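**Q** Input: one structure, supplied below.
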2 protein chains.
Amino acid sequence: MVDDICRLTAATISAKLHDGEITAEQLARACLARIAAREADVRAWSYVDPAVIRQARELDKLPSRGPLHGIPVGVKDIYNTADMPTQHNSPIYTGHRPNADAATVGTLRAAGALILGKTDTMEFASTGRLAATRNPHNLARTPGGSSSGSAAAVGDFHVPLALGTQTGGSLIRPGSFCGVYAMKPTWNAVSAEGVKLISTTLDTVGWYGRSVADLALLADAFALQDDEPSSFNGVAGARILIDATAYKADAASLATLAQAAQRLEAAGAKIVHRDLAEIFTPLDGMWEIVSRSEGRTAFLDLSRLHPHLLHEEFVRRANNIGGFTRAELVRAYDTAAQYRVQFDRIAGDFDAVLTLSAPGEAPEGRVQGDNSLNRDLTLLHVPCINIPAGLGPNRMPVGLTLTGPRYRDRHLLTVAAGMAPVIDCDPMP
Amino acid sequence: MVDDICRLTAATISAKLHDGEITAEQLARACLARIAAREADVRAWSYVDPAVIRQARELDKLPSRGPLHGIPVGVKDIYNTADMPTQHNSPIYTGHRPNADAATVGTLRAAGALILGKTDTMEFASTGRLAATRNPHNLARTPGGSSSGSAAAVGDFHVPLALGTQTGGSLIRPGSFCGVYAMKPTWNAVSAEGVKLISTTLDTVGWYGRSVADLALLADAFALQDDEPSSFNGVAGARILIDATAYKADAASLATLAQAAQRLEAAGAKIVHRDLAEIFTPLDGMWEIVSRSEGRTAFLDLSRLHPHLLHEEFVRRANNIGGFTRAELVRAYDTAAQYRVQFDRIAGDFDAVLTLSAPGEAPEGRVQGDNSLNRDLTLLHVPCINIPAGLGPNRMPVGLTLTGPRYRDRHLLTVAAGMAPVIDCDPMP
């Protein structure tokens with residue numbers, strides 16, 4: 001059954017590796033075979049490390065094994081890697097080798113993970129050149145941007161885990177579109193060093209897996225820790241706030257959310273529907289101001305050094321063509337700070353807040369998709385977990401977002417582990 | 001007089017380069033000669049680029065000249081540089097070549113600057129290994145940390161400009177101790193990409209020069225821009241808030257501040273003494289919580305990969321030996337956000353706020369010095385400019401800090417340019 005090991009969850013694979021039931025080399029070969037069979041269609045990768053088998057053998061020889069021993073991980077191609085190119089889907093960085101690992105990549109290596117390769121992304125995870133990646137559930141549809149390759153690689157069984165980033169909706173949206181579990185931790189709980197800077201206030205590193213336990217494996221590796229153990233005692237008796245009224249979503253997606261609510265209620269959860277317009281209305285437009293104004297800072301150097309190799313949208317940002325004022329930016333910072341406190345207070349009265357991860361299924365064509373349901377939560381710095389919750393009218397995955405107060409990441413994982421069996425209808429292809 | 005060109009301000013040097021009165025090569029040779037004469041004593045540099053003369057010649061041949069054409073710049077050794085080692089004063093990074101420039105270094109190169117070399121720093125600009133640098137005014141005293149080499153190099157006429165960083169007081173304090181002008185711009189107005197991450201909320205890139213016009217040269221290069229032109233019309237009639245009561249400083253430093261106030265008053269400024277304890281008392285302890293908690297994120301990778309090569313204090317931070325809770329961190333974030341609004345409101349009623357840059361002259365020995373007067377202003381994200389304001393009882397420089405609301409960087413430079421001739425008593429050695 002070695003051929004099928006690439007289809008298992010990372011948590012299951014990890015147990016088999018630790019028990020000696022499979023070797024890191026067998027696992028790496030299974031992943032490479034899957035990639036060889038599917039990559040021409042899915043196009044998840046910008047680079048696959050030719051040294052993977054050698055590295056897997058070395059890991060197999062080690063006398064002591066790290067917590068992520070031998071587990072192949074895909075890395076979005078805006079993370080620096082010492083032994084592979086980091087190209088940002090930008091002609092400026094074609095073949096660029098940064099000679100150092102991003103902090104997260106280093107931490108994964110220290111835990112024994114096998115960095116299998118780099119996954120395709122939008123140009124600097126933002127705009128301009130699109131990823132070549134296709135949605136593994138339907139090649140005519142988008143996997144979502146910008147962590148396109150990472151979400152598709154996990155969804156199509158190339159690797160059990162992958163790193164992505166979110167500045168607007170770039171982790172949760174592709175997770176929803178590709179039917180994989182995704183975690184955006186609390187802002188700055190995990191180091192973004194060595195990841196392309198887009199917006200200091202918004203950039204958040206995160207990851208994909210095939211189960212909540214998979215997400216927890218990386219939460220362990222990155223030492224995520226709450227102040228207290230979770231008080232969650234199972235779905236029965238849990239208090240879940242459902243916020244959908246503030247959001248524009250298609251009827252089928254709203255039906256998925258309603259169905260999840262019914263299932264949770266049937267399992268004994270107390271569902272409270274509450275309109276969080278008191279949070280999201282005052283934040284209207286703030287994400288745009290912060291991301292564009294911070295883009296002015298982030299893309300100044302490349303706009304000066306390589307104006308003709310950079311997509312014109314970045315040059316526009318660096319030159320503040322949008323005309324955002326500093327007063328608007330300061331007001332956006334201060335407003336966001338105020339509503340972070342408010343959101344934490346409201347969400348803290350519940351076991352979790354449940355909402356949609358995207359306004360619908362993955363659209364057709366090479367587009368990023370709508371991030372309007374994600375960006376305010378990014379600006380609020382709160383942890384978010386995408387749980388696949390079924391298929392839409394086009395047989396494409398629809399995901400739900402579980403969120404809660406800042407730095408309750410472990411609690412949120414605990415709640416997600418309890419809720420996933422109730423609402424996940426196995427949307428894997 | 002070519003021998004003396006290294007003693008001029010960057011602004012004067014720039015004019016001479018543009019007029020063709022001197023060449024970039026002559027200037028580079030003058031700087032290298034000064035370094036050769038002084039480096040054994042001052043020890044400002046961790047690396048001087050052997051290709052500097054060749055690069056200066058190439059700049060001299062260019063048909064079109066950038067705004068910083070040919071001006072030598074020293075770069076703190078926690079900034080990545082493509083063509084030189086970046087060693088962070090850490091044995092982990094001995095000889096490390098990151099193969100890419102920090103964003104600011106790239107922007108300076110695009111403006112025609114000559115990156116002369118890397119300046120010494122504390123280990124990761126934080127703690128552990130001290131810079132070897134000595135204060136050029138008295139070799140038995142500290143230049144201040146952590147931008148030690150950059151401040152000393154500018155103060156001792158090795159280079160007219162240098163880049164530093166501030167997480168607590170690492171720019172303003174060495175500026176004060178070495179008698180040089182220093183600018184910490186508004187947080188995130190200038191990209192920190194490619195600079196060692198210590199604390200996302202606090203890390204701020206900044207720079208040293210020999211006059212306010214020098215500081216403005218780099219503010220131009222980094223495209224700092226206020227919403228409106230400054231309303232400052234000269235010292236006569238200017239409203240200056242002086243805050244000293246909240247601070248512990250020695251009598252001589254307080255006397256320097258009082259003397260500056262008298263001079264400004266004599267020049268027609270309206271001085272308002274006001275106790276800003278309403279801002280700084282609630283912030284008590286917050287900087288410590290943010291810097292230590294974010295250090296937990298920032299040093300996780302190195303503590304896992306190189307526990308024995310990293311100073312134990314970083315390992316302690318990564319493991320949260322201080323026992324800071326997430327609730328404390330969230331409260332510190334939210335409190336800081338609240339007082340940013342308050343400080344901007346109070347400071348916005350004045351042309352500038354004036355306070356001390358350090359509690360006294362540079363102390364003796366290899367120590368960093370006290371950053372207690374700087375760190376709250378770092379946490380508040382406000383721009384700060386150090387103006388040398390005379391010599392203390394030990395004939396060492398004493399600096400004053402001019403500060404104001406976020407994103408009034410250009411206004412602050414305008415005020416500093418007006419005030420410097422009144423309060424700067426030529427503390428250059």
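Convention: chains lettered A, B, ... in structure tokens order; per-chain residue numbering from 1; ligands numbered from 1 as shown.
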List as an NGL selection string the protein and nucleic acid residues near region 290-306 of chain A, meaning an atom at most 6 Å away when only C-alpha atoms are counted, but skip any in the same chain fewer than 2 places from it.
**A** (:A and (198-199 or 287-288 or 308-309 or 315 or 317-318)) or (:B and (103 or 106-107 or 110 or 190-191))
**Q** Excluding Leu108 (chain B) and residues on its chain fewer than 2 positions from it, collect all residues at most 12 Å away from it, counting only C-alpha atoms, and give them as a PDB file with C-alpha atoms, in the first residue's frame.
**A**
```pdb
ATOM      1  CA  LEU A 300       9.795  50.985  -2.991  1.00  0.00           C
ATOM      2  CA  ASP A 301      13.112  49.187  -3.491  1.00  0.00           C
ATOM      3  CA  LEU A 302      11.998  46.981  -6.394  1.00  0.00           C
ATOM      4  CA  ARG A 304      13.384  51.851  -8.010  1.00  0.00           C
ATOM      5  CA  LEU A 305      15.707  48.985  -8.956  1.00  0.00           C
TER       6      LEU A 305
ATOM      7  CA  GLY B  66      21.385  59.486  -8.612  1.00  0.00           C
ATOM      8  CA  PRO B  67      20.469  61.764  -5.721  1.00  0.00           C
ATOM      9  CA  LEU B  68      22.972  59.980  -3.426  1.00  0.00           C
ATOM     10  CA  HIS B  69      25.626  59.662  -6.139  1.00  0.00           C
ATOM     11  CA  GLY B  70      28.899  58.492  -4.683  1.00  0.00           C
ATOM     12  CA  ILE B  71      28.057  59.084  -1.024  1.00  0.00           C
ATOM     13  CA  PRO B  72      29.617  56.396   1.174  1.00  0.00           C
ATOM     14  CA  VAL B  73      27.180  54.746   3.590  1.00  0.00           C
ATOM     15  CA  GLY B  74      27.932  52.394   6.469  1.00  0.00           C
ATOM     16  CA  VAL B  75      25.385  49.642   7.091  1.00  0.00           C
ATOM     17  CA  THR B  81      23.972  42.871   1.718  1.00  0.00           C
ATOM     18  CA  ASP B 101      20.244  43.290  -0.285  1.00  0.00           C
ATOM     19  CA  ALA B 102      17.903  44.468   2.436  1.00  0.00           C
ATOM     20  CA  ALA B 103      15.195  46.647   0.879  1.00  0.00           C
ATOM     21  CA  THR B 104      16.788  49.841   2.208  1.00  0.00           C
ATOM     22  CA  VAL B 105      20.234  48.888   0.907  1.00  0.00           C
ATOM     23  CA  GLY B 106      18.721  48.245  -2.527  1.00  0.00           C
ATOM     24  CA  ALA B 110      19.309  52.676  -6.773  1.00  0.00           C
ATOM     25  CA  ALA B 111      19.943  56.273  -5.625  1.00  0.00           C
ATOM     26  CA  GLY B 112      23.656  55.935  -6.402  1.00  0.00           C
ATOM     27  CA  ALA B 113      25.013  55.498  -2.865  1.00  0.00           C
ATOM     28  CA  LEU B 114      28.270  53.643  -2.271  1.00  0.00           C
ATOM     29  CA  ILE B 115      27.792  50.949   0.379  1.00  0.00           C
ATOM     30  CA  LEU B 116      31.199  51.121   2.046  1.00  0.00           C
ATOM     31  CA  LEU B 161      25.929  58.502   6.598  1.00  0.00           C
ATOM     32  CA  ALA B 162      25.086  55.141   8.139  1.00  0.00           C
ATOM     33  CA  LEU B 163      22.063  52.902   8.643  1.00  0.00           C
ATOM     34  CA  TRP B 207      20.012  56.449  10.030  1.00  0.00           C
ATOM     35  CA  LEU B 217      18.882  63.198   2.234  1.00  0.00           C
ATOM     36  CA  LEU B 218      17.993  59.684   3.366  1.00  0.00           C
ATOM     37  CA  ALA B 219      14.397  60.661   4.109  1.00  0.00           C
ATOM     38  CA  ASP B 220      14.250  61.699   0.429  1.00  0.00           C
ATOM     39  CA  ALA B 221      15.822  58.426  -0.696  1.00  0.00           C
ATOM     40  CA  PHE B 222      13.257  56.445   1.297  1.00  0.00           C
ATOM     41  CA  ALA B 223      10.385  58.587  -0.040  1.00  0.00           C
TER      42      ALA B 223
END
```
**Q** Assign secondary structure with DSSP using the backbone only, and return the residues of region 207-242 of chain A in strand (DSSP E) as a list in words.
**A** Trp207, Tyr208, Gly209, Arg239, Ile240, Leu241 and Ile242 of chain A
**Q** Just want the 10 Å neighbourhood of region 230-238 of chain A, counted on only C-alpha atoms, with same-chain residues fewer than 3 positions away dropped. Output as a PDB file with C-alpha atoms, in the first residue's frame.
**A**
```
ATOM      1  CA  ASP A 226      -2.264  29.581  24.719  1.00  0.00           C
ATOM      2  CA  ASP A 227      -2.187  30.833  28.271  1.00  0.00           C
ATOM      3  CA  LEU A 241     -21.596  32.282  17.184  1.00  0.00           C
ATOM      4  CA  LEU A 264     -23.836  21.182  15.117  1.00  0.00           C
ATOM      5  CA  GLU A 265     -27.178  21.888  16.758  1.00  0.00           C
ATOM      6  CA  ALA A 266     -28.208  18.253  16.240  1.00  0.00           C
ATOM      7  CA  ALA A 267     -24.956  17.273  17.974  1.00  0.00           C
ATOM      8  CA  GLY A 268     -25.903  19.384  20.969  1.00  0.00           C
ATOM      9  CA  ALA A 269     -24.187  22.708  20.247  1.00  0.00           C
ATOM     10  CA  LYS A 270     -25.874  25.978  21.092  1.00  0.00           C
ATOM     11  CA  ILE A 271     -25.903  28.146  17.950  1.00  0.00           C
ATOM     12  CA  PHE A 350     -18.258  31.714  22.650  1.00  0.00           C
ATOM     13  CA  ASP A 351     -16.313  28.540  21.982  1.00  0.00           C
ATOM     14  CA  ALA A 352     -15.803  29.791  18.446  1.00  0.00           C
ATOM     15  CA  ARG A 408      -6.422  31.331  21.446  1.00  0.00           C
ATOM     16  CA  ASP A 409      -4.870  29.285  18.623  1.00  0.00           C
ATOM     17  CA  ARG A 410      -4.665  26.003  20.534  1.00  0.00           C
ATOM     18  CA  HIS A 411      -8.201  26.396  21.809  1.00  0.00           C
ATOM     19  CA  LEU A 412      -9.371  26.994  18.236  1.00  0.00           C
ATOM     20  CA  LEU A 413      -7.583  23.829  17.095  1.00  0.00           C
ATOM     21  CA  THR A 414      -9.317  21.908  19.890  1.00  0.00           C
ATOM     22  CA  VAL A 415     -12.727  23.242  18.861  1.00  0.00           C
ATOM     23  CA  ALA A 416     -11.970  22.537  15.189  1.00  0.00           C
ATOM     24  CA  ALA A 417     -10.990  18.945  16.038  1.00  0.00           C
ATOM     25  CA  GLY A 418     -14.331  18.492  17.773  1.00  0.00           C
ATOM     26  CA  MET A 419     -16.407  20.148  15.073  1.00  0.00           C
ATOM     27  CA  ALA A 420     -14.714  18.815  11.921  1.00  0.00           C
ATOM     28  CA  VAL A 422     -19.683  16.961  12.354  1.00  0.00           C
TER      29      VAL A 422
END
```
**Q** Nearest to chain B: which of A:Gly155, A:Pro98, A:Gly169, A:Gly179 is it, counting only C-alpha atoms?
**A**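 Looking at the shortest contact to chain B, the residue is A:Pro98.
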**Q** Quick one: everything within 7 Å of Asn374 (chain A), counting only C-alpha atoms, minus sequence neighbours fewer than 3 positions away in the same chain. Send it as a list in words.
**A** Gly168, Gly169, Ser357, Asn371, Leu377 and Thr378 of chain A
**Q** Rank B:Glu278, B:Glu21, B:Asp243, B:Asp120 by their smallest atom-to-atom distance to Trp45 (chain B), using only C-alpha atoms, and report the top residue only.
**A**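 That would be B:Asp120, the residue with the smallest distance to Trp45 (chain B).
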**Q** Taking 4 positions as the minimum chain separation for residues in the same chain, which residues sit within 10 Å of Lys118 (chain A) when counting only C-alpha atoms? Answer as a count of residues only.
**A** 24
**Q** Using only C-alpha atoms, find the one residue out of A:Val341, A:Leu310, A:Ala277, A:Leu254 that sits nearest to chain B.
**A**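 Of all the options, A:Val341 lies closest to chain B.
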**Q** Among the residues of region 235-402 of chain B, find those DSSP assigns to helix (DSSP H, G or I) from the backbone and print them as a ChimeraX atom specification.
**A** /B:251-266,277-280,286-298,300-305,312-318,326-347,375-379
**Q** Pick the closest to Asn394 (chain B) from B:Thr186, B:Ser372, B:Gln166, B:Asn138: which is it, counting only C-alpha atoms?
**A** B:Asn138
**Q** Excluding same-chain residues fewer than 2 positions from Pro393 (chain A), what lies within 10 Å of it counting only C-alpha atoms, as a list of chain:residue names?
**A** A:Ala252, A:Ser253, A:Gly360, A:Glu361, A:Leu391, A:Arg395, A:Met396, A:Pro397, A:Val398
**Q** What's around Asn386 (chain A) at 9 Å? Count only C-alpha atoms, leave out sequence neighbours fewer than 5 positions away in its own chain, and write the answer as a ChimeraX atom specification.
**A** /A:171-173,175-176,179-184,356-357,399-402,416
**Q** Which is closer to chain A than all the others in B:Ser14, B:Thr23, B:Gln259, B:Gln225, using only C-alpha atoms?
**A**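 For chain A, the nearest of the candidates is B:Gln225.
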**Q** Looking at only C-alpha atoms, which of B:Ser147, B:Val367, B:Ala40, B:Arg406 is the one that sits closest to Tyr333 (chain A)?
**A**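 When distances to Tyr333 (chain A) are compared using only C-alpha atoms, the smallest one comes from B:Arg406.
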**Q** To one decimal in Å, tell me the separation between CA of Arg109 (chain B) and CA of Ser211 (chain B).
**A**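 Those two atoms sit 21.5 Å apart.
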